[in-house]
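File shown here: data12.txt, holding compact mmCIF, C-alpha atoms and all ligand atoms.
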# COMPACT_ATOMS: atom_id res chain seq x y z
CA MET S 29 50.27 19.11 3.93
CA LYS S 30 47.37 20.74 2.15
CA ARG S 31 46.96 17.63 0.01
CA ALA S 32 46.85 15.43 3.13
CA VAL S 33 44.07 17.56 4.62
CA VAL S 34 42.05 17.34 1.42
CA LEU S 35 42.54 13.59 1.28
CA MET S 36 41.56 13.23 4.92
CA ALA S 37 38.42 15.33 4.38
CA ALA S 38 37.48 13.26 1.33
CA PHE S 39 38.02 10.07 3.32
CA CYS S 40 35.78 11.30 6.17
CA PHE S 41 33.09 12.31 3.67
CA ILE S 42 33.09 8.88 2.05
CA VAL S 43 32.91 7.13 5.44
CA ALA S 44 30.04 9.39 6.49
CA MET S 45 28.12 8.79 3.26
CA GLY S 46 28.66 5.05 3.60
CA GLY S 47 27.29 5.25 7.11
CA ILE S 48 24.15 6.99 5.88
CA ALA S 49 23.66 4.54 3.05
CA PHE S 50 24.20 1.37 5.03
CA ALA S 51 22.79 2.10 8.45
CA ALA S 52 19.61 4.10 8.06
CA ASP S 53 18.26 4.94 11.49
CA THR S 54 14.94 6.53 10.69
CA LEU S 55 13.89 6.51 14.34
CA GLU S 56 16.79 8.86 15.21
CA THR S 57 16.66 11.04 12.09
CA ALA S 58 12.87 11.51 12.25
CA LYS S 59 13.13 12.53 15.91
CA LYS S 60 15.94 14.97 15.11
CA LYS S 61 14.09 16.49 12.16
CA GLY S 62 10.75 16.43 13.96
CA VAL S 63 9.02 14.89 10.94
CA LEU S 64 8.22 11.45 9.53
CA VAL S 65 7.67 11.30 5.76
CA ALA S 66 5.19 8.66 4.67
CA GLY S 67 4.53 7.52 1.11
CA VAL S 68 0.79 6.98 0.67
CA LYS S 69 -1.58 6.45 -2.24
CA ASP S 70 -3.72 9.45 -3.20
CA SER S 71 -6.24 7.76 -5.48
CA THR S 72 -7.06 4.51 -3.72
CA PRO S 73 -10.46 4.95 -2.02
CA GLY S 74 -10.59 3.65 1.55
CA PHE S 75 -6.78 3.51 1.95
CA GLY S 76 -5.30 6.78 0.64
CA TYR S 77 -7.31 9.29 -1.37
CA VAL S 78 -8.04 13.01 -1.47
CA ASP S 79 -11.06 13.99 0.61
CA GLU S 80 -13.28 16.15 -1.61
CA LYS S 81 -14.11 18.63 1.16
CA THR S 82 -10.81 19.06 2.99
CA ARG S 83 -8.51 18.32 -0.01
CA GLU S 84 -6.39 16.27 2.40
CA ILE S 85 -5.20 12.71 1.83
CA VAL S 86 -7.16 10.40 4.13
CA GLY S 87 -7.76 6.67 4.58
CA TYR S 88 -6.91 3.51 6.50
CA ASP S 89 -3.20 3.66 5.55
CA VAL S 90 -2.99 7.34 6.48
CA ASP S 91 -4.50 6.71 9.93
CA PHE S 92 -1.85 4.07 10.67
CA VAL S 93 1.07 6.37 9.84
CA LYS S 94 -0.65 9.18 11.76
CA ALA S 95 -0.69 6.95 14.84
CA ILE S 96 2.98 6.03 14.34
CA ALA S 97 4.09 9.68 13.95
CA LYS S 98 2.07 10.61 17.04
CA LYS S 99 3.73 7.85 19.08
CA LEU S 100 7.10 9.06 17.84
CA GLY S 101 6.18 12.62 18.82
CA VAL S 102 6.85 14.09 15.37
CA LYS S 103 4.84 15.73 12.58
CA LEU S 104 3.66 13.61 9.67
CA GLU S 105 4.31 14.59 6.07
CA LEU S 106 2.45 12.68 3.35
CA LYS S 107 3.93 12.16 -0.10
CA PRO S 108 1.82 10.51 -2.83
CA VAL S 109 3.30 7.33 -4.32
CA THR S 110 2.07 4.83 -6.90
CA SER S 111 2.39 1.05 -6.82
CA ALA S 112 5.41 1.35 -9.12
CA SER S 113 7.15 4.31 -7.42
CA ARG S 114 6.80 3.38 -3.74
CA MET S 115 9.88 1.13 -3.37
CA PRO S 116 12.31 3.38 -5.31
CA GLN S 117 11.05 6.41 -3.32
CA LEU S 118 11.84 4.61 -0.06
CA VAL S 119 15.21 3.25 -1.13
CA GLU S 120 16.27 6.67 -2.47
CA GLY S 121 15.36 8.26 0.87
CA ASN S 122 12.51 10.49 -0.37
CA ILE S 123 10.12 8.85 2.08
CA ASP S 124 10.71 7.08 5.42
CA ILE S 125 7.87 4.57 5.37
CA ILE S 126 5.45 3.12 2.81
CA ALA S 127 1.79 2.89 3.82
CA ALA S 128 0.28 2.16 0.44
CA THR S 129 -1.82 -1.03 0.18
CA MET S 130 1.44 -2.90 -0.18
CA THR S 131 1.54 -6.68 -0.04
CA LYS S 132 4.41 -8.35 1.77
CA THR S 133 6.21 -10.67 -0.64
CA ALA S 134 9.51 -12.55 -0.42
CA GLU S 135 10.65 -10.80 -3.62
CA ARG S 136 10.03 -7.32 -2.22
CA ALA S 137 11.54 -8.31 1.14
CA LYS S 138 14.90 -8.67 -0.62
CA GLN S 139 14.93 -4.89 -1.04
CA ILE S 140 12.96 -3.53 1.92
CA ASP S 141 11.76 -4.59 5.38
CA PHE S 142 8.09 -5.05 6.22
CA SER S 143 6.14 -4.53 9.45
CA ASN S 144 3.73 -7.01 10.96
CA THR S 145 0.67 -7.49 8.77
CA TYR S 146 -1.81 -4.64 9.44
CA PHE S 147 -4.45 -5.55 6.81
CA PHE S 148 -5.39 -8.71 5.00
CA THR S 149 -7.27 -9.24 1.75
CA GLY S 150 -7.13 -11.22 -1.51
CA GLN S 151 -7.10 -10.52 -5.24
CA LYS S 152 -10.39 -10.52 -7.17
CA PHE S 153 -11.98 -8.92 -10.26
CA ILE S 154 -14.60 -6.30 -11.14
CA VAL S 155 -16.62 -7.29 -14.20
CA LYS S 156 -19.89 -6.38 -15.91
CA LYS S 157 -22.71 -8.20 -14.10
CA GLY S 158 -23.38 -11.71 -15.31
CA THR S 159 -20.33 -12.01 -17.59
CA VAL S 160 -18.07 -14.17 -15.39
CA ARG S 161 -18.80 -17.41 -13.55
CA SER S 162 -15.32 -18.92 -13.30
CA LEU S 163 -11.69 -17.99 -13.86
CA ALA S 164 -11.87 -19.55 -17.34
CA ASP S 165 -14.31 -16.79 -18.39
CA LEU S 166 -11.50 -14.26 -17.84
CA ASP S 167 -8.72 -15.99 -19.74
CA GLY S 168 -7.95 -14.58 -23.18
CA LYS S 169 -9.57 -11.27 -22.21
CA ARG S 170 -8.11 -7.77 -21.70
CA ILE S 171 -7.66 -7.15 -17.98
CA GLY S 172 -6.78 -3.79 -16.38
CA THR S 173 -4.65 -3.34 -13.27
CA ALA S 174 -1.83 -1.12 -11.88
CA LYS S 175 1.85 -1.08 -12.85
CA GLY S 176 4.24 -2.48 -10.27
CA SER S 177 1.56 -4.35 -8.32
CA THR S 178 1.33 -7.96 -7.22
CA SER S 179 -2.06 -7.86 -9.00
CA GLU S 180 -0.26 -7.53 -12.32
CA GLN S 181 1.99 -10.53 -11.60
CA ASN S 182 -0.74 -12.75 -10.11
CA ALA S 183 -3.05 -12.05 -13.07
CA LYS S 184 -0.35 -13.00 -15.57
CA LYS S 185 0.13 -16.31 -13.76
CA ALA S 186 -3.54 -17.12 -13.24
CA LEU S 187 -4.62 -16.04 -16.75
CA PRO S 188 -1.76 -16.92 -19.12
CA LYS S 189 -3.83 -16.19 -22.24
CA ALA S 190 -5.15 -12.81 -21.06
CA THR S 191 -3.72 -9.44 -22.08
CA ILE S 192 -2.84 -7.53 -18.93
CA LEU S 193 -3.00 -3.74 -19.32
CA SER S 194 -1.23 -1.88 -16.53
CA PHE S 195 -2.23 1.68 -15.59
CA ASP S 196 -0.63 4.10 -13.10
CA ASP S 197 -3.50 3.60 -10.67
CA TYR S 198 -6.76 1.68 -10.21
CA PRO S 199 -9.24 4.51 -10.99
CA GLN S 200 -7.68 4.64 -14.48
CA ALA S 201 -8.18 0.88 -14.85
CA LEU S 202 -11.81 1.25 -13.75
CA LEU S 203 -12.34 4.02 -16.29
CA ALA S 204 -11.02 1.69 -19.01
CA LEU S 205 -13.60 -0.90 -17.88
CA GLN S 206 -16.40 1.67 -18.01
CA GLN S 207 -15.27 2.70 -21.49
CA GLY S 208 -15.28 -0.91 -22.65
CA LYS S 209 -11.51 -0.94 -23.21
CA VAL S 210 -10.94 -3.83 -20.78
CA PHE S 211 -13.16 -6.76 -19.82
CA ALA S 212 -12.25 -6.71 -16.11
CA VAL S 213 -10.22 -4.86 -13.49
CA THR S 214 -8.17 -6.88 -11.06
CA THR S 215 -6.53 -6.10 -7.73
CA ASP S 216 -7.17 -6.60 -4.00
CA GLU S 217 -10.83 -7.06 -3.11
CA SER S 218 -10.53 -4.29 -0.51
CA ILE S 219 -9.51 -1.81 -3.22
CA LEU S 220 -12.09 -3.07 -5.75
CA ALA S 221 -14.95 -2.80 -3.24
CA ASN S 222 -14.01 0.80 -2.40
CA LEU S 223 -13.52 1.73 -6.06
CA LEU S 224 -16.87 0.30 -7.01
CA GLY S 225 -18.54 1.95 -4.00
CA LYS S 226 -17.67 5.36 -5.45
CA ALA S 227 -18.26 4.56 -9.13
CA PRO S 228 -21.14 5.93 -11.20
CA ASN S 229 -23.32 3.12 -12.69
CA LYS S 230 -21.98 0.77 -10.03
CA GLU S 231 -25.15 -1.35 -10.25
CA GLN S 232 -23.93 -2.57 -13.66
CA TYR S 233 -20.83 -4.20 -12.18
CA GLU S 234 -19.99 -6.91 -9.67
CA ILE S 235 -17.08 -8.62 -7.92
CA PRO S 236 -17.57 -12.38 -8.47
CA ASP S 237 -16.37 -14.73 -5.74
CA ILE S 238 -13.17 -15.70 -7.59
CA GLN S 239 -10.00 -15.12 -5.58
CA ILE S 240 -6.55 -15.74 -7.06
CA SER S 241 -4.25 -14.81 -4.15
CA ASP S 242 -3.84 -13.79 -0.50
CA GLU S 243 -2.59 -10.24 0.04
CA PRO S 244 -1.24 -9.42 3.51
CA TYR S 245 -0.34 -5.70 3.74
CA GLY S 246 2.81 -4.49 5.52
CA LEU S 247 4.29 -1.06 6.12
CA GLY S 248 7.53 -0.81 4.14
CA MET S 249 10.78 0.43 5.67
CA ARG S 250 14.40 0.61 4.54
CA LYS S 251 16.30 -2.65 4.69
CA GLY S 252 18.18 -3.02 7.97
CA ASP S 253 16.45 -0.01 9.59
CA LYS S 254 16.19 -2.17 12.73
CA ASN S 255 15.23 0.31 15.45
CA PHE S 256 12.52 1.84 13.33
CA VAL S 257 11.09 -1.54 12.29
CA ALA S 258 11.00 -2.61 15.95
CA PHE S 259 9.31 0.68 16.95
CA VAL S 260 6.68 0.37 14.21
CA ASN S 261 5.94 -3.27 15.07
CA LYS S 262 5.62 -2.45 18.76
CA THR S 263 3.25 0.42 17.94
CA LEU S 264 1.11 -1.83 15.71
CA LEU S 265 0.81 -4.47 18.48
CA GLU S 266 -0.14 -1.77 20.99
CA MET S 267 -2.75 -0.44 18.57
CA GLU S 268 -4.25 -3.92 18.27
CA LYS S 269 -4.30 -4.38 22.04
CA SER S 270 -5.86 -0.98 22.78
CA GLY S 271 -8.55 -1.45 20.12
CA GLU S 272 -7.25 1.50 18.08
CA ALA S 273 -6.42 -0.74 15.08
CA LYS S 274 -9.98 -2.09 15.05
CA ARG S 275 -11.42 1.41 15.45
CA ILE S 276 -9.47 2.51 12.36
CA PHE S 277 -10.75 -0.55 10.46
CA ASP S 278 -14.34 0.17 11.51
CA LYS S 279 -14.01 3.86 10.59
CA TRP S 280 -13.22 2.93 6.97
CA PHE S 281 -14.69 -0.56 6.49
CA GLY S 282 -17.02 -1.21 9.44
CA PRO S 283 -20.76 -1.99 9.20
CA ASN S 284 -21.66 1.72 9.09
CA SER S 285 -19.06 2.63 6.48
CA GLN S 286 -19.70 3.08 2.76
CA THR S 287 -17.91 -0.18 2.01
CA PRO S 288 -18.35 -2.76 4.79
CA LEU S 289 -15.64 -5.45 4.81
CA LYS S 290 -14.90 -8.36 7.14
CA ARG S 291 -11.98 -7.94 9.55
CA ASN S 292 -10.65 -11.45 9.03
CA PHE S 293 -7.30 -10.78 10.74
CA LYS S 294 -5.69 -9.50 13.92
CA ILE S 295 -2.34 -7.73 14.09
CA THR S 296 0.17 -10.18 15.58
CA ALA S 297 3.95 -10.40 15.66
CA ASP S 298 5.40 -12.02 12.54
CA LYS S 299 7.00 -15.38 13.16
N1 LIG L 1 -1.53 -5.13 -2.64
C1 LIG L 1 -1.08 -5.24 -3.99
C2 LIG L 1 0.35 -4.78 -4.16
O1 LIG L 1 1.01 -4.51 -3.22
C3 LIG L 1 -1.99 -4.51 -4.95
C4 LIG L 1 -2.36 -3.12 -4.54
C5 LIG L 1 -1.36 -2.07 -4.97
O2 LIG L 1 -1.01 -2.00 -6.15
O3 LIG L 1 -0.92 -1.32 -4.11
O4 LIG L 1 0.89 -4.70 -5.22
Have the structure of the file written as structure tokens, please.
Ligand code: GLU
Amino acid sequence: MKRAVVLMAAFCFIVAMGGIAFAADTLETAKKKGVLVAGVKDSTPGFGYVDEKTREIVGYDVDFVKAIAKKLGVKLELKPVTSASRMPQLVEGNIDIIAATMTKTAERAKQIDFSNTYFFTGQKFIVKKGTVRSLADLDGKRIGTAKGSTSEQNAKKALPKATILSFDDYPQALLALQQGKVFAVTTDESILANLLGKAPNKEQYEIPDIQISDEPYGLGMRKGDKNFVAFVNKTLLEMEKSGEAKRIFDKWFGPNSQTPLKRNFKITADK
């Protein structure tokens, strides 16, 4: 009898665990817990970085998850992630959503679900002024970028003879450029422009008009987390319609910001 009870309990436990693993319902669990945990960058100027005065993580990505948590009626907890750690952190359940300059790719979409595109940019390079006129000038050189990024993969494809050095984050790659350890830094133009905007001796560097990819950003959620994905997409479309999405863009990248960028996209439903 006792054995049967133990077996039954074990069976129930396994079924329950399976349920958790296979049918994540972040919308329900976040509401129950009263908190949404977002994985954000903490050293990517403009998108997710530590404000020197308040010591809080701020940026374009942070404002989007703030709006989503507000709509959900829960508190927002921010956890720093890197390009390499963001997907494992989500899949392991340490965070509920990724808002970390993350490009939507078919490869990544095998493991996680993405929201509608909420930012759009393309991959470029920071180099010493006057050193690069075409892509050929970069091949065979040492190029710095971040581990686990599309930038790393795109650079390897576009510059087969270059040596790609991958750092934990982009400020470290920029430091390597300033120390003469790499010839260029490559990632999304939006990140490069913000990095350079804050860099000492920035007048010595430039971002030539050489683009090697399109980078549409999506918020990352657990695979099959249907209700939450639908909620996030609906919130993004509402934010576009109300003008809030554009206000967030202008706050960080508008004409009066430190790093003006073009808003060459609108948030629309993915086809
Ligand atoms: N958007 C690119 C990516 O998702 C580069 C920026 C980053 O490393 O977050 O990999």
How would you write, as a short mmCIF file (atom, residue, chain, number, x, y, z; two decimals) with C-alpha atoms, keeping the file's coordinate frame, the set of residues no farther than 6 Å from ligand LIG 1 (chain L) when counting all atoms listed in the file?
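The file below, out-v4.cif, is the result:
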data_model
loop_
_atom_site.label_atom_id
_atom_site.label_comp_id
_atom_site.auth_asym_id
_atom_site.auth_seq_id
_atom_site.Cartn_x
_atom_site.Cartn_y
_atom_site.Cartn_z
CA SER S 111 2.39 1.05 -6.82
CA ALA S 128 0.28 2.16 0.44
CA THR S 129 -1.82 -1.03 0.18
CA MET S 130 1.44 -2.90 -0.18
CA THR S 131 1.54 -6.68 -0.04
CA ALA S 174 -1.83 -1.12 -11.88
CA SER S 177 1.56 -4.35 -8.32
CA THR S 178 1.33 -7.96 -7.22
CA SER S 179 -2.06 -7.86 -9.00
CA THR S 215 -6.53 -6.10 -7.73
CA ASP S 216 -7.17 -6.60 -4.00
CA GLU S 243 -2.59 -10.24 0.04
#
Query raised in the report: For Ala97 of chain S, which of S:Thr54, S:Thr133, S:Thr287, S:Thr296 is the closest residue, counting all atoms listed in the file?
Result: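 Ranking S:Thr54, S:Thr133, S:Thr287, S:Thr296 by distance to Ala97 of chain S, first place goes to S:Thr54.
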Query raised in the report: If you count all atoms listed in the file, which residues fall within 8 Å of segment 289-295 of chain S, apart from same-chain ones fewer than 4 positions away, as JSON, numbers by chain?
Result: {"S": [144, 145, 146, 147, 148, 218, 264, 265, 268, 277, 281, 282, 283]}
Report summary line: Restricting to all atoms listed in the file, whichever of S:Asp91, S:Arg136, S:Thr72, S:Leu163 is closest to Ala273 of chain S is S:Asp91
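The shortest atom-to-atom distance to Ile219 of chain S, with only C-alpha atoms taken into account, belongs to S:Phe153 out of S:Gly176, S:Phe153, S:Leu247, S:Asp53.
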**Report entry** Residues within 7 Å of (-4.5, 3.3, 5.8), counting all atoms listed in the file, listed as a ChimeraX atom specification
**Finding:** /S:75-76,87-92,127
Now that the selection is made, can you save its residues with C-alpha atoms as a PDB file, in the coordinates of the input?
ATOM      1  CA  PHE S  75      -6.780   3.510   1.950  1.00  0.00           C
ATOM      2  CA  GLY S  76      -5.300   6.780   0.640  1.00  0.00           C
ATOM      3  CA  GLY S  87      -7.760   6.670   4.580  1.00  0.00           C
ATOM      4  CA  TYR S  88      -6.910   3.510   6.500  1.00  0.00           C
ATOM      5  CA  ASP S  89      -3.200   3.660   5.550  1.00  0.00           C
ATOM      6  CA  VAL S  90      -2.990   7.340   6.480  1.00  0.00           C
ATOM      7  CA  ASP S  91      -4.500   6.710   9.930  1.00  0.00           C
ATOM      8  CA  PHE S  92      -1.850   4.070  10.670  1.00  0.00           C
ATOM      9  CA  ALA S 127       1.790   2.890   3.820  1.00  0.00           C
TER      10      ALA S 127
END
